[in-house]
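File shown here: structure.cif, holding mmCIF, C-alpha atoms.
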data_entry
#
loop_
_atom_site.label_atom_id
_atom_site.label_comp_id
_atom_site.auth_asym_id
_atom_site.auth_seq_id
_atom_site.Cartn_x
_atom_site.Cartn_y
_atom_site.Cartn_z
CA MET A 5 -49.41 5.60 13.96
CA ALA A 6 -51.20 8.67 12.70
CA SER A 7 -49.78 12.13 13.16
CA PRO A 8 -50.66 13.56 16.60
CA VAL A 9 -52.10 16.60 14.80
CA ASP A 10 -54.69 16.86 12.04
CA THR A 11 -53.30 16.51 8.50
CA SER A 12 -56.56 16.63 6.54
CA VAL A 13 -55.88 20.08 5.05
CA LYS A 14 -53.01 20.53 2.62
CA HIS A 15 -51.75 23.65 0.91
CA ALA A 16 -49.07 24.63 -1.58
CA TYR A 17 -47.99 27.73 -3.46
CA SER A 18 -45.81 28.37 -6.45
CA SER A 19 -42.86 29.84 -4.54
CA MET A 20 -42.27 26.55 -2.73
CA THR A 21 -39.09 24.85 -3.89
CA GLY A 22 -39.75 22.75 -7.00
CA ALA A 23 -43.47 23.54 -7.13
CA PRO A 24 -45.25 22.62 -10.39
CA ALA A 25 -45.54 25.50 -12.84
CA ILE A 26 -48.98 26.79 -13.86
CA GLY A 27 -49.04 29.33 -16.67
CA GLY A 28 -49.59 30.03 -20.33
CA THR A 29 -48.83 26.49 -21.47
CA VAL A 30 -51.28 23.85 -22.58
CA GLY A 31 -51.64 21.17 -19.89
CA SER A 32 -49.88 23.08 -17.10
CA LEU A 33 -52.93 23.16 -14.80
CA ILE A 34 -53.52 19.42 -15.17
CA GLY A 35 -49.87 18.78 -14.32
CA ALA A 36 -50.25 20.72 -11.08
CA LEU A 37 -53.62 19.15 -10.22
CA ASP A 38 -52.20 15.67 -10.78
CA ALA A 39 -49.50 16.51 -8.26
CA PHE A 40 -51.68 18.26 -5.67
CA LEU A 41 -54.74 16.02 -5.83
CA VAL A 42 -53.43 12.58 -6.74
CA ASN A 43 -49.69 11.91 -6.76
CA GLY A 44 -47.91 14.33 -4.44
CA TRP A 45 -44.77 16.16 -5.52
CA GLY A 46 -41.32 17.33 -4.43
CA ALA A 47 -39.89 13.90 -3.53
CA LYS A 48 -36.83 14.12 -1.29
CA ALA A 49 -34.47 11.33 -0.17
CA VAL A 50 -33.51 11.45 3.52
CA ASP A 51 -29.94 10.80 4.69
CA SER A 52 -30.71 10.32 8.38
CA ALA A 53 -33.51 10.75 10.87
CA VAL A 54 -33.91 10.82 14.64
CA ILE A 55 -36.73 11.23 17.16
CA SER A 56 -36.06 13.35 20.25
CA ASN A 57 -38.49 14.77 22.80
CA GLY A 58 -41.55 14.21 20.63
CA VAL A 59 -40.02 15.67 17.48
CA CYS A 60 -38.73 13.81 14.43
CA ARG A 61 -36.04 15.48 12.31
CA LEU A 62 -35.41 14.30 8.74
CA THR A 63 -31.96 15.40 7.52
CA PHE A 64 -30.68 15.60 3.92
CA ALA A 65 -27.69 17.16 2.19
CA SER A 66 -29.32 17.64 -1.22
CA GLY A 67 -30.65 21.16 -0.64
CA LYS A 68 -33.90 22.64 0.57
CA SER A 69 -37.05 20.56 0.21
CA ALA A 70 -40.43 21.79 -1.00
CA ALA A 71 -41.83 21.64 2.53
CA GLU A 72 -42.59 24.75 4.56
CA ALA A 73 -43.90 25.05 8.11
CA HIS A 74 -47.54 23.94 8.44
CA ALA A 75 -47.43 21.97 5.18
CA VAL A 76 -48.21 18.23 5.11
CA ILE A 77 -45.68 15.68 3.88
CA ALA A 78 -45.98 11.94 3.26
CA VAL A 79 -43.12 9.90 4.75
CA ALA A 80 -42.17 6.48 3.35
CA GLY A 81 -39.53 3.77 3.95
CA ALA A 82 -38.95 4.50 7.65
CA THR A 83 -38.44 2.09 10.51
CA PRO A 84 -40.33 2.23 12.83
CA SER A 85 -43.06 1.92 10.21
CA ALA A 86 -45.47 3.88 12.40
CA LEU A 87 -43.57 7.00 11.30
CA ASN A 88 -44.69 6.51 7.71
CA GLY A 89 -47.67 8.38 6.34
CA GLU A 90 -48.82 11.97 6.60
CA GLN A 91 -47.02 14.35 8.95
CA LYS A 92 -47.47 18.10 9.46
CA VAL A 93 -44.21 20.02 9.27
CA THR A 94 -43.43 22.38 12.16
CA VAL A 95 -39.98 23.78 11.24
CA VAL A 96 -37.81 23.68 8.10
CA ALA A 97 -34.23 24.59 7.17
CA ASN A 98 -32.07 24.11 4.09
CA GLY A 99 -31.02 20.63 5.23
CA TRP A 100 -33.85 19.30 7.39
CA VAL A 101 -37.54 19.28 8.28
CA GLU A 102 -39.19 18.52 11.62
CA PHE A 103 -42.60 17.36 12.75
CA LYS A 104 -44.24 16.24 15.99
CA THR A 105 -44.64 12.53 16.80
CA ASP A 106 -45.81 10.37 19.68
CA LEU A 107 -43.13 7.74 18.97
CA PRO A 108 -40.35 7.14 21.51
CA ASP A 109 -36.89 8.72 21.20
CA GLY A 110 -34.32 6.98 19.03
CA ALA A 111 -32.79 6.66 15.60
CA VAL A 112 -34.93 6.08 12.53
CA THR A 113 -33.59 3.65 9.94
CA GLY A 114 -34.51 2.52 6.43
CA SER A 115 -34.53 3.96 2.94
CA ILE A 116 -36.46 7.05 4.00
CA SER A 117 -38.05 9.60 1.70
CA PHE A 118 -40.87 12.10 1.79
CA LYS A 119 -42.92 14.21 -0.60
CA MET A 120 -45.64 16.82 -0.39
CA ALA A 121 -48.77 14.84 0.44
CA PRO A 122 -51.66 14.84 -2.07
CA LEU A 123 -55.33 15.32 -1.17
CA GLY A 124 -56.16 11.71 -1.98
CA TRP A 125 -58.37 12.30 -5.01
CA GLU A 126 -58.34 10.07 -8.08
CA LYS A 127 -57.96 10.75 -11.78
CA VAL A 128 -60.66 8.55 -13.28
CA PHE A 129 -60.47 9.45 -17.00
CA SER A 130 -57.99 11.28 -19.17
CA LYS A 131 -56.79 12.04 -22.64
CA THR A 132 -54.19 14.50 -23.89
CA ASN A 133 -54.54 17.68 -21.79
CA VAL A 134 -57.99 16.69 -20.50
CA ALA A 135 -58.61 15.00 -17.14
CA VAL A 136 -61.52 13.99 -14.93
CA TYR A 137 -60.97 14.06 -11.15
CA ARG A 138 -63.09 12.62 -8.35
CA GLN A 139 -62.94 12.47 -4.57
CA THR A 140 -62.27 9.06 -3.01
CA ASP A 141 -63.52 10.06 0.44
CA PRO A 142 -66.67 7.94 1.08
CA ALA A 143 -68.24 10.88 2.94
CA SER A 144 -68.04 13.05 -0.18
CA THR A 145 -70.55 13.44 -3.00
CA ARG A 146 -67.98 11.88 -5.37
CA ALA A 147 -68.91 14.16 -8.23
CA TYR A 148 -66.89 14.12 -11.45
CA TYR A 149 -64.87 17.23 -12.33
CA ARG A 150 -63.69 17.58 -15.91
CA VAL A 151 -60.75 19.89 -16.65
CA ASP A 152 -60.08 20.72 -20.31
CA ASP A 153 -56.59 22.23 -20.40
CA THR A 154 -56.16 22.40 -24.16
CA ASN A 155 -55.99 26.19 -24.25
CA ALA A 156 -52.74 27.89 -23.24
CA GLN A 157 -54.33 30.80 -21.35
CA TYR A 158 -57.19 29.10 -19.52
CA ALA A 159 -58.76 25.73 -18.70
CA ARG A 160 -62.48 24.93 -18.99
CA VAL A 161 -64.00 23.24 -15.94
CA GLN A 162 -67.24 21.26 -15.64
CA MET A 163 -68.95 19.11 -13.01
CA TYR A 164 -70.88 15.92 -13.84
CA GLU A 165 -73.10 13.67 -11.74
CA SER A 166 -71.72 10.60 -13.53
CA MET A 167 -69.39 9.90 -16.46
CA THR A 168 -68.67 6.95 -18.73
CA ASP A 169 -65.47 8.33 -20.24
CA VAL A 170 -63.46 11.55 -20.41
CA ASP A 171 -65.93 13.23 -22.77
CA ASN A 172 -69.35 11.84 -21.87
CA GLY A 173 -71.52 11.98 -18.78
CA VAL A 174 -74.84 12.86 -17.17
CA GLY A 175 -75.84 15.97 -15.25
CA VAL A 176 -73.29 18.41 -16.61
CA ALA A 177 -72.82 21.78 -14.90
CA PRO A 178 -72.73 24.72 -15.23
CA LEU A 179 -75.76 25.02 -17.47
CA THR A 180 -75.22 28.76 -17.95
CA VAL A 181 -71.82 28.63 -19.67
CA ALA A 182 -71.46 26.25 -22.60
CA GLY A 183 -68.22 24.31 -22.33
CA GLY A 184 -67.71 25.06 -18.63
CA TYR A 185 -66.31 27.79 -16.46
CA TYR A 186 -62.97 29.42 -17.23
CA TRP A 187 -60.06 28.85 -14.84
CA HIS A 188 -57.49 31.34 -16.09
CA LYS A 189 -53.81 30.44 -15.95
CA ARG A 190 -52.03 33.32 -17.69
CA ASN A 191 -53.39 36.51 -19.22
CA VAL A 192 -50.90 36.54 -22.11
CA GLY A 193 -47.82 34.65 -23.23
CA ALA A 194 -46.27 31.41 -22.01
CA GLY A 195 -44.91 32.58 -18.66
CA SER A 196 -45.67 31.01 -15.29
CA SER A 197 -48.18 32.49 -12.85
CA TYR A 198 -48.18 32.82 -9.09
CA TRP A 199 -50.67 30.38 -7.54
CA VAL A 200 -51.96 28.91 -4.27
CA LEU A 201 -53.78 25.60 -3.78
CA ALA A 202 -55.47 24.54 -0.54
CA GLY A 203 -57.88 21.72 0.12
CA ASP A 204 -58.92 18.52 1.82
CA SER A 205 -60.28 15.16 0.69
CA ARG A 206 -63.60 16.71 -0.35
CA GLY A 207 -62.77 20.04 -1.98
CA PHE A 208 -60.05 22.53 -2.87
CA TYR A 209 -59.38 26.15 -3.80
CA PHE A 210 -57.28 27.29 -6.74
CA LEU A 211 -56.03 30.87 -6.52
CA VAL A 212 -53.98 32.39 -9.30
CA ALA A 213 -52.39 35.72 -10.19
CA CYS A 214 -52.54 35.16 -13.91
CA SER A 215 -50.76 38.43 -14.69
CA SER A 216 -47.76 37.85 -12.40
CA SER A 217 -45.11 35.16 -12.11
CA SER A 218 -43.76 36.39 -8.77
CA ALA A 219 -45.24 36.91 -5.35
CA PRO A 220 -47.83 39.69 -5.34
CA ALA A 221 -46.44 43.08 -4.36
CA SER A 222 -47.84 46.47 -3.47
CA ASN A 223 -49.83 48.20 -6.22
CA ASN A 224 -48.65 45.96 -9.05
CA ASN A 225 -52.12 44.71 -10.05
CA SER A 226 -51.21 41.09 -9.32
CA ALA A 227 -54.11 40.02 -7.08
CA LEU A 228 -55.14 36.38 -7.06
CA VAL A 229 -58.57 35.23 -8.21
CA SER A 230 -59.94 32.20 -6.34
CA GLN A 231 -62.04 29.28 -7.57
CA TYR A 232 -63.43 26.19 -5.81
CA MET A 233 -64.16 22.60 -6.76
CA GLY A 234 -65.72 20.10 -4.33
CA ASP A 235 -68.29 19.74 -1.56
CA LEU A 236 -69.67 22.47 0.65
CA SER A 237 -69.77 22.03 4.38
CA SER A 238 -73.51 21.54 4.11
CA PHE A 239 -76.12 22.47 6.71
CA ARG A 240 -78.19 19.50 5.51
CA SER A 241 -77.31 16.16 7.09
CA GLY A 242 -76.28 13.55 4.52
CA ASP A 243 -76.41 16.06 1.67
CA ALA A 244 -75.67 14.06 -1.48
CA TRP A 245 -75.97 17.08 -3.81
CA CYS A 246 -73.78 19.72 -2.15
CA SER A 247 -70.89 19.64 -4.63
CA MET A 248 -70.00 22.98 -6.18
CA VAL A 249 -67.82 24.31 -8.94
CA THR A 250 -67.01 27.98 -9.44
CA GLY A 251 -65.26 29.88 -12.18
CA SER A 252 -65.27 32.83 -14.49
CA ASP A 253 -68.12 32.94 -16.98
CA THR A 254 -66.05 34.69 -19.68
CA ALA A 255 -62.63 34.37 -21.29
CA ASN A 256 -61.71 37.78 -19.85
CA TYR A 257 -58.88 37.06 -17.40
CA ASN A 258 -59.75 39.89 -14.98
CA ASN A 259 -63.36 38.80 -14.50
CA VAL A 260 -63.96 37.97 -10.80
CA ALA A 261 -67.21 36.01 -11.31
CA GLY A 262 -66.99 32.83 -9.25
CA CYS A 263 -64.23 34.21 -7.03
CA VAL A 264 -65.06 33.14 -3.47
CA TYR A 265 -63.54 36.37 -2.07
CA CYS A 266 -64.77 38.88 -4.61
CA SER A 267 -67.94 37.91 -6.43
CA GLY A 268 -71.13 39.80 -5.66
CA GLY A 269 -73.67 37.63 -7.47
CA SER A 270 -74.55 34.11 -8.55
CA ALA A 271 -72.64 34.22 -11.83
CA GLY A 272 -69.81 31.73 -11.60
CA PHE A 273 -71.24 29.59 -8.74
CA THR A 274 -72.97 26.28 -9.52
CA LEU A 275 -74.36 23.66 -7.14
CA LYS A 276 -74.95 20.08 -8.21
CA ARG A 277 -78.64 20.30 -7.24
CA LEU A 278 -80.86 22.09 -4.75
CA ALA A 279 -81.00 20.63 -1.24
CA HIS A 280 -84.18 18.63 -1.97
CA GLY A 281 -82.27 16.74 -4.69
CA LEU A 282 -84.78 17.32 -7.48
CA GLY A 283 -83.99 18.68 -10.90
CA SER A 284 -80.55 19.62 -12.15
CA ALA A 285 -77.66 21.97 -11.42
CA VAL A 286 -78.46 25.48 -10.19
CA GLN A 287 -76.67 28.76 -9.77
CA ALA A 288 -75.94 29.82 -6.19
CA ALA A 289 -75.26 33.13 -4.48
CA ARG A 290 -72.35 33.92 -2.18
CA LYS A 291 -73.27 35.53 1.15
CA VAL A 292 -71.04 37.00 3.85
CA PHE A 293 -71.29 39.14 6.96
CA GLY A 294 -70.37 42.26 5.06
CA SER A 295 -70.80 43.52 1.53
CA VAL A 296 -70.87 40.75 -1.06
CA SER A 297 -69.97 43.30 -3.74
CA SER A 298 -66.72 44.31 -1.97
CA PHE A 299 -63.48 42.35 -1.97
CA SER A 300 -62.51 40.61 1.25
CA GLY A 301 -60.19 42.90 3.21
CA SER A 302 -61.40 45.90 1.24
CA ASP A 303 -64.92 45.90 2.69
CA GLY A 304 -65.86 48.74 5.04
CA TYR A 305 -68.87 46.99 6.57
CA LEU A 306 -67.10 46.68 9.96
CA GLY A 307 -64.78 49.63 9.57
CA ALA A 308 -61.03 49.53 9.23
CA PHE A 309 -58.46 46.98 10.32
CA PRO A 310 -57.31 46.98 13.08
CA SER A 311 -60.64 47.56 14.80
CA THR A 312 -60.82 50.71 16.92
CA VAL A 313 -62.61 48.63 19.59
CA ASP A 314 -60.26 45.70 20.14
CA ASN A 315 -57.46 46.11 17.56
CA GLY A 316 -58.90 42.97 16.05
CA LEU A 317 -59.29 41.30 12.69
CA HIS A 318 -62.86 40.18 12.14
CA LEU A 319 -63.70 37.37 9.73
CA SER A 320 -66.90 36.00 8.27
CA PRO A 321 -67.56 32.50 6.96
CA ILE A 322 -68.56 32.47 3.31
CA LEU A 323 -72.08 31.08 2.95
CA ILE A 324 -73.52 29.67 -0.27
CA ASN A 325 -77.26 30.06 -0.76
CA ASP A 326 -79.42 27.15 -1.92
CA GLY A 327 -80.11 28.90 -5.19
CA PRO A 328 -79.30 32.26 -6.75
CA VAL A 329 -81.60 34.67 -4.91
CA ALA A 330 -83.73 35.19 -1.79
CA PRO A 331 -85.73 33.58 -0.25
CA ALA A 332 -83.28 30.72 -0.73
CA GLY A 333 -81.68 29.93 2.62
CA PRO A 334 -78.01 29.11 3.15
CA ARG A 335 -77.05 25.66 1.87
CA GLY A 336 -73.75 25.55 3.67
CA ILE A 337 -70.32 27.07 4.10
CA ALA A 338 -67.45 27.26 1.65
CA PRO A 339 -65.13 25.22 3.90
CA GLY A 340 -61.97 26.63 5.42
CA THR A 341 -62.15 30.10 3.91
CA PHE A 342 -63.07 33.50 5.36
CA HIS A 343 -64.10 36.96 4.17
CA CYS A 344 -62.81 40.04 6.01
CA PRO A 345 -65.46 42.82 6.26
CA GLN A 346 -62.83 45.47 7.07
CA THR A 347 -60.74 47.85 5.01
CA GLY A 348 -56.96 48.11 5.24
CA ALA A 349 -56.34 44.42 5.89
CA LEU A 350 -54.05 44.03 2.89
CA ALA A 351 -51.60 46.64 4.20
CA GLY A 352 -51.69 44.97 7.59
CA PHE A 353 -51.01 41.41 6.40
CA GLY A 354 -48.88 42.05 3.33
CA TRP A 355 -49.15 41.38 -0.37
CA ASP A 356 -47.38 37.99 -0.40
CA VAL A 357 -48.84 34.86 1.20
CA ALA A 358 -48.33 34.92 4.97
CA MET A 359 -49.14 32.78 8.01
CA THR A 360 -50.85 34.25 11.08
CA LYS A 361 -51.72 32.55 14.38
CA GLY A 362 -55.43 32.75 15.03
CA GLN A 363 -56.86 34.19 18.23
CA GLY A 364 -60.29 34.15 19.85
CA ALA A 365 -62.58 31.89 17.83
CA PHE A 366 -59.56 30.95 15.68
CA LEU A 367 -57.28 29.97 18.56
CA GLY A 368 -55.12 27.01 17.55
CA LYS A 369 -55.52 27.76 13.84
CA MET A 370 -52.97 29.02 11.34
CA LEU A 371 -54.50 31.34 8.77
CA LEU A 372 -52.89 31.82 5.37
CA SER A 373 -53.58 35.29 3.96
CA VAL A 374 -53.67 35.85 0.21
CA GLN A 375 -53.99 39.04 -1.83
CA VAL A 376 -57.27 38.90 -3.77
CA GLY A 377 -59.15 41.14 -6.15
CA SER A 378 -59.23 42.08 -9.80
CA PRO A 379 -55.84 41.31 -11.37
CA ALA A 380 -56.14 44.30 -13.68
CA SER A 381 -56.89 47.05 -11.19
CA GLY A 382 -55.73 48.55 -7.94
CA ASN A 383 -58.96 47.44 -6.22
CA GLN A 384 -57.53 44.66 -4.07
CA GLY A 385 -58.05 43.03 -0.69
CA VAL A 386 -57.01 39.95 1.24
CA GLY A 387 -58.68 36.60 1.86
CA PHE A 388 -57.96 34.03 4.55
CA LEU A 389 -57.61 30.24 4.47
CA ASP A 390 -57.50 27.90 7.46
CA VAL A 391 -54.50 25.65 6.79
CA THR A 392 -54.71 23.84 10.14
CA GLY A 393 -58.01 22.03 9.72
CA PRO A 394 -60.13 20.14 9.93
CA TRP A 395 -62.53 21.99 7.66
CA ARG A 396 -65.50 19.77 8.45
CA SER A 397 -66.95 18.37 11.67
#

Will you turn the file into structure tokens for me?
Amino acid sequence: MASPVDTSVKHAYSSMTGAPAIGGTVGSLIGALDAFLVNGWGAKAVDSAVISNGVCRLTFASGKSAAEAHAVIAVAGATPSALNGEQKVTVVANGWVEFKTDLPDGAVTGSISFKMAPLGWEKVFSKTNVAVYRQTDPASTRAYYRVDDTNAQYARVQMYESMTDVDNGVGVAPLTVAGGYYWHKRNVGAGSSYWVLAGDSRGFYFLVACSSSSAPASNNNSALVSQYMGDLSSFRSGDAWCSMVTGSDTANYNNVAGCVYCSGGSAGFTLKRLAHGLGSAVQAARKVFGSVSSFSGSDGYLGAFPSTVDNGLHLSPILINDGPVAPAGPRGIAPGTFHCPQTGALAGFGWDVAMTKGQGAFLGKMLLSVQVGSPASGNQGVGFLDVTGPWRS
């Protein structure tokens, strides 16, 4: 029996108990991507479990699990077997987690365990500190994404249309940056960085504060820069070419090119092909209802947060043009993520990651807010991720 709520969107962040470390160490990003995309992580043995009034509680005496409220876990070994599989956590404590279920009341038996559920991608090729990932979802474009994590401070990321092994393929992108985009891990040294990952079976975001190992705080220049790998939510039916990879186009760690919340141009955004499917990879421009050159949450296009009209937070989807400049129309939406065209949002939502219940058009959604901006300046804002899902219709 599937979960009674949608579990297609998963998220994790580095302050979760036992989360994989990403930082200034060769291979650290691949280790985390293996866990988040393919294998899951944070395995926990369960001592006892019971279902009561539509809620299942898993109890353990071994200390707090990795799970937090609104995260997705994968349960195994339970009887009734219909309890096994993905479940969305509602409440956690040091010795238990709970989630909703449609199963009848009663004890749960078996050798029960759970872990943080992966996105369901596959790792198709690899060698030491280099990996190629691909979606398994048949609705996806199933592009190949190569991550070269042989440098301690950053990984190099490329997208291919097809590959024969870890080093060779056809239709490589980006074409504008030889060797691929830069996904920075740590600005200097071997320390760990604060990070957030969020995604579904067709794409994911990687956000990292590569100059800070702890949760972002006020005025400490520790904003997260965000990158994306996967399919757009395309406006074109059956779009076989809507995969995208973003990233910095230089080795400079505080460059925000390719950041889905901060970038003002086409540098750092690459689509597999234009919507008509001809040719090769192309650069794409980010468009929002607001100023594309301002950071989300630090954009005065709609005034300050909270709005003087309705005390509201106003959010814009992030559109990706079908090409770098006008008159290219919008190809689709960067799924599950939103730009805030208001100033002052960071002070209102806080510098650390936080969950907020959506209202109005976002009723029924939980939004995860993340400090974004240049990690080397005080020019910072806040971006928003839908962690409830689904991201696609």

TODO: Check the smallest atom-to-atom distance from each of A:Leu319, A:Val229, A:Val170, A:Ala255 to Gln384 in chain A using all atoms listed in the file, then report the winner.
DONE: A:Val229

Task: Resolved residues for the PyMOL selection byres ((chain A and resi 23-33) around 9) as a VMD selection string - done: chain A and resid 16 to 22 34 to 39 45 to 46 70 132 to 134 151 to 159 188 to 199 212 214 217

Task: Who sits within 7 Å of range 295-306 of chain A, only C-alpha atoms, same chain under 4 positions skipped, as a list in words - done: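 Listed by chain and then number, they are Tyr265, Cys266, Ser267, Gly268, Lys291, His343, Cys344, Pro345, Gln346, Thr347, Gly348, Ala349, Leu350, Gly377, Gln384, Gly385, Val386 and Gly387 of chain A.
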
Skip Gly67 in chain A itself and residues of its chain fewer than 4 positions away, then list as a short mmCIF file (atom, residue, chain, number, x, y, z; two decimals) with C-alpha atoms, keeping the file's coordinate frame all residues within 10 Å of it, counting all atoms listed in the file.
data_model
loop_
_atom_site.label_atom_id
_atom_site.label_comp_id
_atom_site.auth_asym_id
_atom_site.auth_seq_id
_atom_site.Cartn_x
_atom_site.Cartn_y
_atom_site.Cartn_z
CA THR A 21 -39.09 24.85 -3.89
CA LYS A 48 -36.83 14.12 -1.29
CA ALA A 97 -34.23 24.59 7.17
CA ASN A 98 -32.07 24.11 4.09
CA GLY A 99 -31.02 20.63 5.23
CA TRP A 100 -33.85 19.30 7.39
#

Task: Between CA of Gly251 in chain A and CA of Ala358 in chain A, distance in Å (one decimal) - done: 24.6 Å

- [ ] State, in Å with one decimal place, the distance from CA of Phe103 in chain A to CA of Ala73 in chain A.
- [x]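 One can read the CA of Phe103 in chain A to CA of Ala73 in chain A distance as 9.1 Å.
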
Task: Best match for closeness to Tyr185 in chain A among A:Ala261, A:Val391, A:Ala351, A:Val200, counting only C-alpha atoms - done: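 So, comparing all the options, the nearest one is A:Ala261.
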
Task: Distance in Å - CA of Phe388 in chain A versus CA of Val374 in chain A - done: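 It comes out at 6.4 Å.
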
Centre and size of axis-aligned box enclosing range 366-380 of chain A plus 3 Å each side, as AutoDock Vina command-line options:
--center_x -56.2 --center_y 35.7 --center_z 2.4 --size_x 12.7 --size_y 23.3 --size_z 38.2

TODO: Go through A:Gln375, A:Thr180, A:Ser130, A:Ser12 and flag the residue nearest Glu90 in chain A, using all atoms listed in the file for the distances.
DONE: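 That would be A:Ser12, the residue with the smallest distance to Glu90 in chain A.
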
TODO: May I ask which of the residues A:Leu317, A:Leu228, A:Ala177, A:Ala202 is the closest one to Phe273 in chain A, counting only C-alpha atoms?
DONE: A:Ala177

Open item on the list: On this structure, the PyMOL selection byres ((chain A and resi 113-115) around 10) would catch which residues? List them as number ranges by chain, sorted by chain and number.
Closed with: A: 49-54, 80-85, 110-112, 116-117

TODO: Rank nothing, just name the residue among A:Ser216, A:Gly58, A:Ala121, A:Val313 nearest to Pro108 in chain A, using only C-alpha atoms.
DONE: A:Gly58

TODO: Apply the PyMOL selection byres ((chain A and resi 137) around 7) to the file shown and report the selected residues as a list in words.
DONE: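 For this structure, the PyMOL selection byres ((chain A and resi 137) around 7) captures Trp125, Glu126, Lys127, Val128, Ala135, Val136, Arg138, Tyr148, Tyr149 and Arg150 of chain A.
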
Task: Closest of A:Thr145, A:Ser241, A:Gln91, A:Ser378 to Tyr164 in chain A - atom-to-atom distances counting only C-alpha atoms - done: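 Checking each of A:Thr145, A:Ser241, A:Gln91, A:Ser378 against Tyr164 in chain A, counting only C-alpha atoms, the winner is A:Thr145.
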